[in-house]
>>> print(open('query-v9.pdb').read())   # PDB, C-alpha atoms
ATOM      1  CA  MET A   1       9.136-215.605 -77.013
ATOM      2  CA  ALA A   2      10.200-212.451 -75.215
ATOM      3  CA  VAL A   3      13.768-211.252 -75.343
ATOM      4  CA  LEU A   4      15.294-210.999 -71.890
ATOM      5  CA  PRO A   5      16.980-207.704 -70.955
ATOM      6  CA  LYS A   6      20.702-207.279 -70.431
ATOM      7  CA  CYS A   7      22.321-206.468 -67.098
ATOM      8  CA  PRO A   8      23.033-202.730 -66.902
ATOM      9  CA  HIS A   9      26.395-203.439 -65.255
ATOM     10  CA  CYS A  10      28.019-206.367 -67.081
ATOM     11  CA  GLN A  11      25.791-206.467 -70.226
ATOM     12  CA  ASN A  12      25.111-210.226 -69.879
ATOM     13  CA  THR A  13      21.615-211.444 -70.660
ATOM     14  CA  LEU A  14      19.565-211.792 -67.481
ATOM     15  CA  THR A  15      17.717-214.949 -66.505
ATOM     16  CA  ARG A  16      13.969-214.703 -65.958
ATOM     17  CA  LYS A  17      14.485-214.681 -62.210
ATOM     18  CA  GLN A  18      17.095-211.932 -62.415
ATOM     19  CA  ALA A  19      14.828-209.863 -64.685
ATOM     20  CA  ALA A  20      11.956-210.249 -62.216
ATOM     21  CA  ARG A  21      14.215-209.151 -59.363
ATOM     22  CA  MET A  22      15.404-206.156 -61.344
ATOM     23  CA  LEU A  23      11.836-205.106 -62.058
ATOM     24  CA  ALA A  24      10.923-205.568 -58.407
ATOM     25  CA  SER A  25      13.853-203.393 -57.341
ATOM     26  CA  LEU A  26      12.645-200.478 -59.392
ATOM     27  CA  SER A  27      11.001-197.852 -57.231
ATOM     28  CA  GLY A  28       8.639-195.389 -58.863
ATOM     29  CA  GLY A  29       9.899-196.321 -62.316
ATOM     30  CA  LYS A  30      13.480-195.312 -61.507
ATOM     31  CA  ALA A  31      16.392-197.647 -61.022
ATOM     32  CA  LYS A  32      18.130-197.595 -57.661
ATOM     33  CA  ASN A  33      21.172-195.378 -57.574
ATOM     34  CA  PHE A  34      24.151-197.428 -56.482
ATOM     35  CA  SER A  35      27.607-196.062 -56.005
ATOM     36  CA  GLU A  36      30.405-197.381 -58.186
ATOM     37  CA  ALA A  37      31.715-199.446 -55.262
ATOM     38  CA  GLU A  38      28.280-201.035 -54.755
ATOM     39  CA  ARG A  39      27.978-201.758 -58.476
ATOM     40  CA  ALA A  40      31.407-203.394 -58.539
ATOM     41  CA  LEU A  41      30.512-205.494 -55.492
ATOM     42  CA  ARG A  42      27.206-206.576 -57.051
ATOM     43  CA  ARG A  43      28.949-207.343 -60.352
ATOM     44  CA  GLU A  44      31.512-209.559 -58.594
ATOM     45  CA  ARG A  45      28.773-211.344 -56.632
ATOM     46  CA  MET A  46      26.826-212.054 -59.825
ATOM     47  CA  ARG A  47      29.958-213.385 -61.545
ATOM     48  CA  ALA A  48      30.582-215.693 -58.595
ATOM     49  CA  ILE A  49      26.956-216.881 -58.621
ATOM     50  CA  ASN A  50      27.026-217.510 -62.377
ATOM     51  CA  ALA A  51      30.335-219.378 -62.098
ATOM     52  CA  ARG A  52      28.870-221.640 -59.403
ATOM     53  CA  ARG A  53      25.779-222.261 -61.520
ATOM     54  CA  THR A  54      27.752-223.295 -64.591
ATOM     55  CA  ALA A  55      30.098-225.465 -62.544
ATOM     56  CA  ALA A  56      27.225-227.234 -60.792
ATOM     57  CA  SER A  57      24.786-227.684 -63.660
ATOM     58  CA  PHE A  58      26.802-229.960 -66.004
ATOM     59  CA  GLU A  59      24.154-230.326 -68.656
ATOM     60  CA  THR A  60      24.671-231.975 -72.008
ATOM     61  CA  GLY A  61      22.919-229.339 -74.075
ATOM     62  CA  MET A  62      21.322-231.938 -76.318
ATOM     63  CA  GLN A  63      17.938-233.621 -76.538
ATOM     64  CA  HIS A  64      18.227-237.304 -75.659
ATOM     65  CA  ARG A  65      16.043-239.951 -77.261
ATOM     66  CA  ASN A  66      15.354-241.952 -74.146
ATOM     67  CA  LEU A  67      15.961-239.486 -71.315
ATOM     68  CA  ASN A  68      13.698-236.764 -70.001
ATOM     69  CA  HIS A  69      16.511-234.588 -68.621
ATOM     70  CA  SER A  70      19.854-233.251 -69.768
ATOM     71  CA  ARG A  71      22.032-234.029 -66.737
ATOM     72  CA  LEU A  72      25.225-235.962 -67.296
ATOM     73  CA  THR A  73      24.206-239.400 -66.093
ATOM     74  CA  LEU A  74      25.906-242.514 -67.478
ATOM     75  CA  ALA A  75      23.200-242.911 -70.123
ATOM     76  CA  ALA A  76      23.451-239.243 -71.111
ATOM     77  CA  ILE A  77      27.243-239.432 -71.403
ATOM     78  CA  ASP A  78      26.924-242.548 -73.559
ATOM     79  CA  ASP A  79      24.368-240.752 -75.733
ATOM     80  CA  VAL A  80      26.556-237.645 -76.099
ATOM     81  CA  ILE A  81      29.623-239.669 -77.072
ATOM     82  CA  ASP A  82      27.716-241.943 -79.444
ATOM     83  CA  ARG A  83      25.579-239.429 -81.329
ATOM     84  CA  GLY A  84      26.459-235.979 -80.032
ATOM     85  CA  GLN A  85      27.518-233.013 -82.115
ATOM     86  CA  ARG A  86      30.214-230.414 -81.524
ATOM     87  CA  GLU A  87      28.140-228.290 -79.086
ATOM     88  CA  SER A  88      27.293-231.206 -76.825
ATOM     89  CA  TRP A  89      30.887-232.455 -76.965
ATOM     90  CA  ALA A  90      32.074-228.996 -75.908
ATOM     91  CA  SER A  91      29.807-229.072 -72.844
ATOM     92  CA  LEU A  92      31.007-232.593 -72.004
ATOM     93  CA  LEU A  93      34.612-231.449 -72.441
ATOM     94  CA  ALA A  94      34.063-228.575 -70.005
ATOM     95  CA  ALA A  95      32.396-230.919 -67.520
ATOM     96  CA  VAL A  96      35.256-233.432 -67.745
ATOM     97  CA  ASP A  97      37.770-230.650 -67.146
ATOM     98  CA  ALA A  98      35.837-229.300 -64.166
ATOM     99  CA  SER A  99      34.677-232.406 -62.317
ATOM    100  CA  HIS A 100      36.436-235.564 -61.211
ATOM    101  CA  GLU A 101      33.033-237.265 -60.878
ATOM    102  CA  ILE A 102      32.116-236.626 -64.530
ATOM    103  CA  ARG A 103      35.610-237.748 -65.592
ATOM    104  CA  SER A 104      35.161-241.068 -63.784
ATOM    105  CA  ARG A 105      31.732-241.507 -65.383
ATOM    106  CA  VAL A 106      33.206-240.948 -68.851
ATOM    107  CA  LEU A 107      35.917-243.523 -68.142
ATOM    108  CA  ARG A 108      33.277-245.963 -66.913
ATOM    109  CA  VAL A 109      31.134-245.511 -70.044
ATOM    110  CA  CYS A 110      34.139-245.795 -72.372
ATOM    111  CA  SER A 111      35.515-248.914 -70.677
ATOM    112  CA  SER A 112      32.667-250.972 -72.111
ATOM    113  CA  HIS A 113      33.407-249.815 -75.683
ATOM    114  CA  VAL A 114      37.203-249.769 -75.940
ATOM    115  CA  SER A 115      37.317-253.414 -76.981
ATOM    116  CA  ASP A 116      35.675-252.340 -80.265
ATOM    117  CA  ASP A 117      38.415-251.071 -82.584
ATOM    118  CA  TYR A 118      35.879-249.090 -84.621
ATOM    119  CA  ALA A 119      34.450-247.148 -81.683
ATOM    120  CA  GLN A 120      36.774-244.215 -82.280
ATOM    121  CA  ARG A 121      34.705-241.701 -80.328
ATOM    122  CA  TYR A 122      34.879-243.847 -77.221
ATOM    123  CA  HIS A 123      38.628-244.292 -77.691
ATOM    124  CA  PHE A 124      39.059-240.527 -77.948
ATOM    125  CA  TRP A 125      37.002-239.795 -74.823
ATOM    126  CA  ASN A 126      38.702-242.595 -72.906
ATOM    127  CA  ASN A 127      42.147-241.215 -73.797
ATOM    128  CA  TYR A 128      41.121-237.638 -73.026
ATOM    129  CA  ALA A 129      39.555-238.460 -69.644
ATOM    130  CA  SER A 130      42.555-240.643 -68.754
ATOM    131  CA  SER A 131      44.986-237.856 -69.586
ATOM    132  CA  GLN A 132      42.925-235.379 -67.532
ATOM    133  CA  ALA A 133      42.907-237.769 -64.578
ATOM    134  CA  THR A 134      46.701-237.928 -64.535
ATOM    135  CA  SER A 135      47.254-234.190 -64.871
TER     136      SER A 135
END
>>> encode(input="query-v9.pdb", output="structure tokens")
Amino acid sequence: MAVLPKCPHCQNTLTRKQAARMLASLSGGKAKNFSEAERALRRERMRAINARRTAASFETGMQHRNLNHSRLTLAAIDDVIDRGQRESWASLLAAVDASHEIRSRVLRVCSSHVSDDYAQRYHFWNNYASSQATS
């Protein structure tokens, strides 16, 4: 697997699409010469694009047994809460903080498990999502 290059401006690792665009922008083997103002503008645009991507993607970051995607559907949220590890919980935590829709899904999934006193993970997520909904 090839290592993707880093952005010459912000030093973040480029996606495959960004790397292809950077290669396409090279003319005669030389990078385009942008002024500092243009570089700052491009850097801000890329930060805004990356922020929108992370806010819109809401992926679980874990491989599900019975799902062929990693989007945060009800089944995926149930799977993350039931058998997820710290990394997948961190992505769910960020999604709950960022989206009212994901928060309501977590509450919906947890509502079916809160009657079980031993389902501590569901109690935690129910309490956390409830507290986020009120704040």
>>> closest_residue(input="query-v9.pdb", among="A:Arg45, A:Arg86, A:Arg108, A:Lys6", to="Thr73 (chain A)", atoms="only C-alpha atoms")
A:Arg108
>>> atom_distance(input="query-v9.pdb", atom1="CA of Ala133 (chain A)", atom2="CA of Val96 (chain A)")
9.3 Å
>>> atom_distance(input="query-v9.pdb", atom1="CA of His123 (chain A)", atom2="CA of Asp78 (chain A)")
12.5 Å
>>> atom_distance(input="query-v9.pdb", atom1="CA of Val80 (chain A)", atom2="CA of Thr134 (chain A)")
23.2 Å
>>> closest_residue(input="query-v9.pdb", among="A:Ala90, A:Ile77, A:Leu14, A:Ile102", to="Tyr122 (chain A)", atoms="only C-alpha atoms")
A:Ile77
>>> closest_residue(input="query-v9.pdb", among="A:Cys10, A:Leu74, A:Ala94, A:Ala51", to="Val106 (chain A)", atoms="all atoms listed in the file")
A:Leu74
>>> build_atoms(input="query-v9.pdb", residues="region 89-106 of chain A", atoms="N, CA and C atoms", output="PDB file, in the frame of the given file")
ATOM      1  N   TRP A  89      29.543-231.996 -77.337  1.00  0.00           N
ATOM      2  CA  TRP A  89      30.887-232.455 -76.965  1.00  0.00           C
ATOM      3  C   TRP A  89      31.629-231.362 -76.209  1.00  0.00           C
ATOM      4  N   ALA A  90      31.410-230.113 -76.602  1.00  0.00           N
ATOM      5  CA  ALA A  90      32.074-228.996 -75.908  1.00  0.00           C
ATOM      6  C   ALA A  90      31.600-228.903 -74.464  1.00  0.00           C
ATOM      7  N   SER A  91      30.304-229.111 -74.231  1.00  0.00           N
ATOM      8  CA  SER A  91      29.807-229.072 -72.844  1.00  0.00           C
ATOM      9  C   SER A  91      30.319-230.268 -72.044  1.00  0.00           C
ATOM     10  N   LEU A  92      30.439-231.431 -72.692  1.00  0.00           N
ATOM     11  CA  LEU A  92      31.007-232.593 -72.004  1.00  0.00           C
ATOM     12  C   LEU A  92      32.492-232.370 -71.707  1.00  0.00           C
ATOM     13  N   LEU A  93      33.199-231.757 -72.637  1.00  0.00           N
ATOM     14  CA  LEU A  93      34.612-231.449 -72.441  1.00  0.00           C
ATOM     15  C   LEU A  93      34.803-230.522 -71.243  1.00  0.00           C
ATOM     16  N   ALA A  94      33.972-229.495 -71.145  1.00  0.00           N
ATOM     17  CA  ALA A  94      34.063-228.575 -70.005  1.00  0.00           C
ATOM     18  C   ALA A  94      33.740-229.287 -68.695  1.00  0.00           C
ATOM     19  N   ALA A  95      32.762-230.180 -68.734  1.00  0.00           N
ATOM     20  CA  ALA A  95      32.396-230.919 -67.520  1.00  0.00           C
ATOM     21  C   ALA A  95      33.504-231.875 -67.097  1.00  0.00           C
ATOM     22  N   VAL A  96      34.151-232.522 -68.061  1.00  0.00           N
ATOM     23  CA  VAL A  96      35.256-233.432 -67.745  1.00  0.00           C
ATOM     24  C   VAL A  96      36.420-232.653 -67.130  1.00  0.00           C
ATOM     25  N   ASP A  97      36.687-231.477 -67.683  1.00  0.00           N
ATOM     26  CA  ASP A  97      37.770-230.650 -67.146  1.00  0.00           C
ATOM     27  C   ASP A  97      37.475-230.161 -65.735  1.00  0.00           C
ATOM     28  N   ALA A  98      36.197-229.918 -65.440  1.00  0.00           N
ATOM     29  CA  ALA A  98      35.837-229.300 -64.166  1.00  0.00           C
ATOM     30  C   ALA A  98      35.558-230.292 -63.044  1.00  0.00           C
ATOM     31  N   SER A  99      35.150-231.502 -63.367  1.00  0.00           N
ATOM     32  CA  SER A  99      34.677-232.406 -62.317  1.00  0.00           C
ATOM     33  C   SER A  99      35.317-233.786 -62.405  1.00  0.00           C
ATOM     34  N   HIS A 100      35.866-234.216 -61.296  1.00  0.00           N
ATOM     35  CA  HIS A 100      36.436-235.564 -61.211  1.00  0.00           C
ATOM     36  C   HIS A 100      35.334-236.615 -61.337  1.00  0.00           C
ATOM     37  N   GLU A 101      34.155-236.313 -60.816  1.00  0.00           N
ATOM     38  CA  GLU A 101      33.033-237.265 -60.878  1.00  0.00           C
ATOM     39  C   GLU A 101      32.610-237.524 -62.321  1.00  0.00           C
ATOM     40  N   ILE A 102      32.498-236.469 -63.124  1.00  0.00           N
ATOM     41  CA  ILE A 102      32.116-236.626 -64.530  1.00  0.00           C
ATOM     42  C   ILE A 102      33.224-237.372 -65.281  1.00  0.00           C
ATOM     43  N   ARG A 103      34.470-237.075 -64.964  1.00  0.00           N
ATOM     44  CA  ARG A 103      35.610-237.748 -65.592  1.00  0.00           C
ATOM     45  C   ARG A 103      35.548-239.252 -65.334  1.00  0.00           C
ATOM     46  N   SER A 104      35.244-239.637 -64.092  1.00  0.00           N
ATOM     47  CA  SER A 104      35.161-241.068 -63.784  1.00  0.00           C
ATOM     48  C   SER A 104      33.966-241.719 -64.482  1.00  0.00           C
ATOM     49  N   ARG A 105      32.889-240.969 -64.647  1.00  0.00           N
ATOM     50  CA  ARG A 105      31.732-241.507 -65.383  1.00  0.00           C
ATOM     51  C   ARG A 105      32.079-241.742 -66.848  1.00  0.00           C
ATOM     52  N   VAL A 106      32.803-240.789 -67.449  1.00  0.00           N
ATOM     53  CA  VAL A 106      33.206-240.948 -68.851  1.00  0.00           C
ATOM     54  C   VAL A 106      34.101-242.177 -68.994  1.00  0.00           C
TER      55      VAL A 106
END
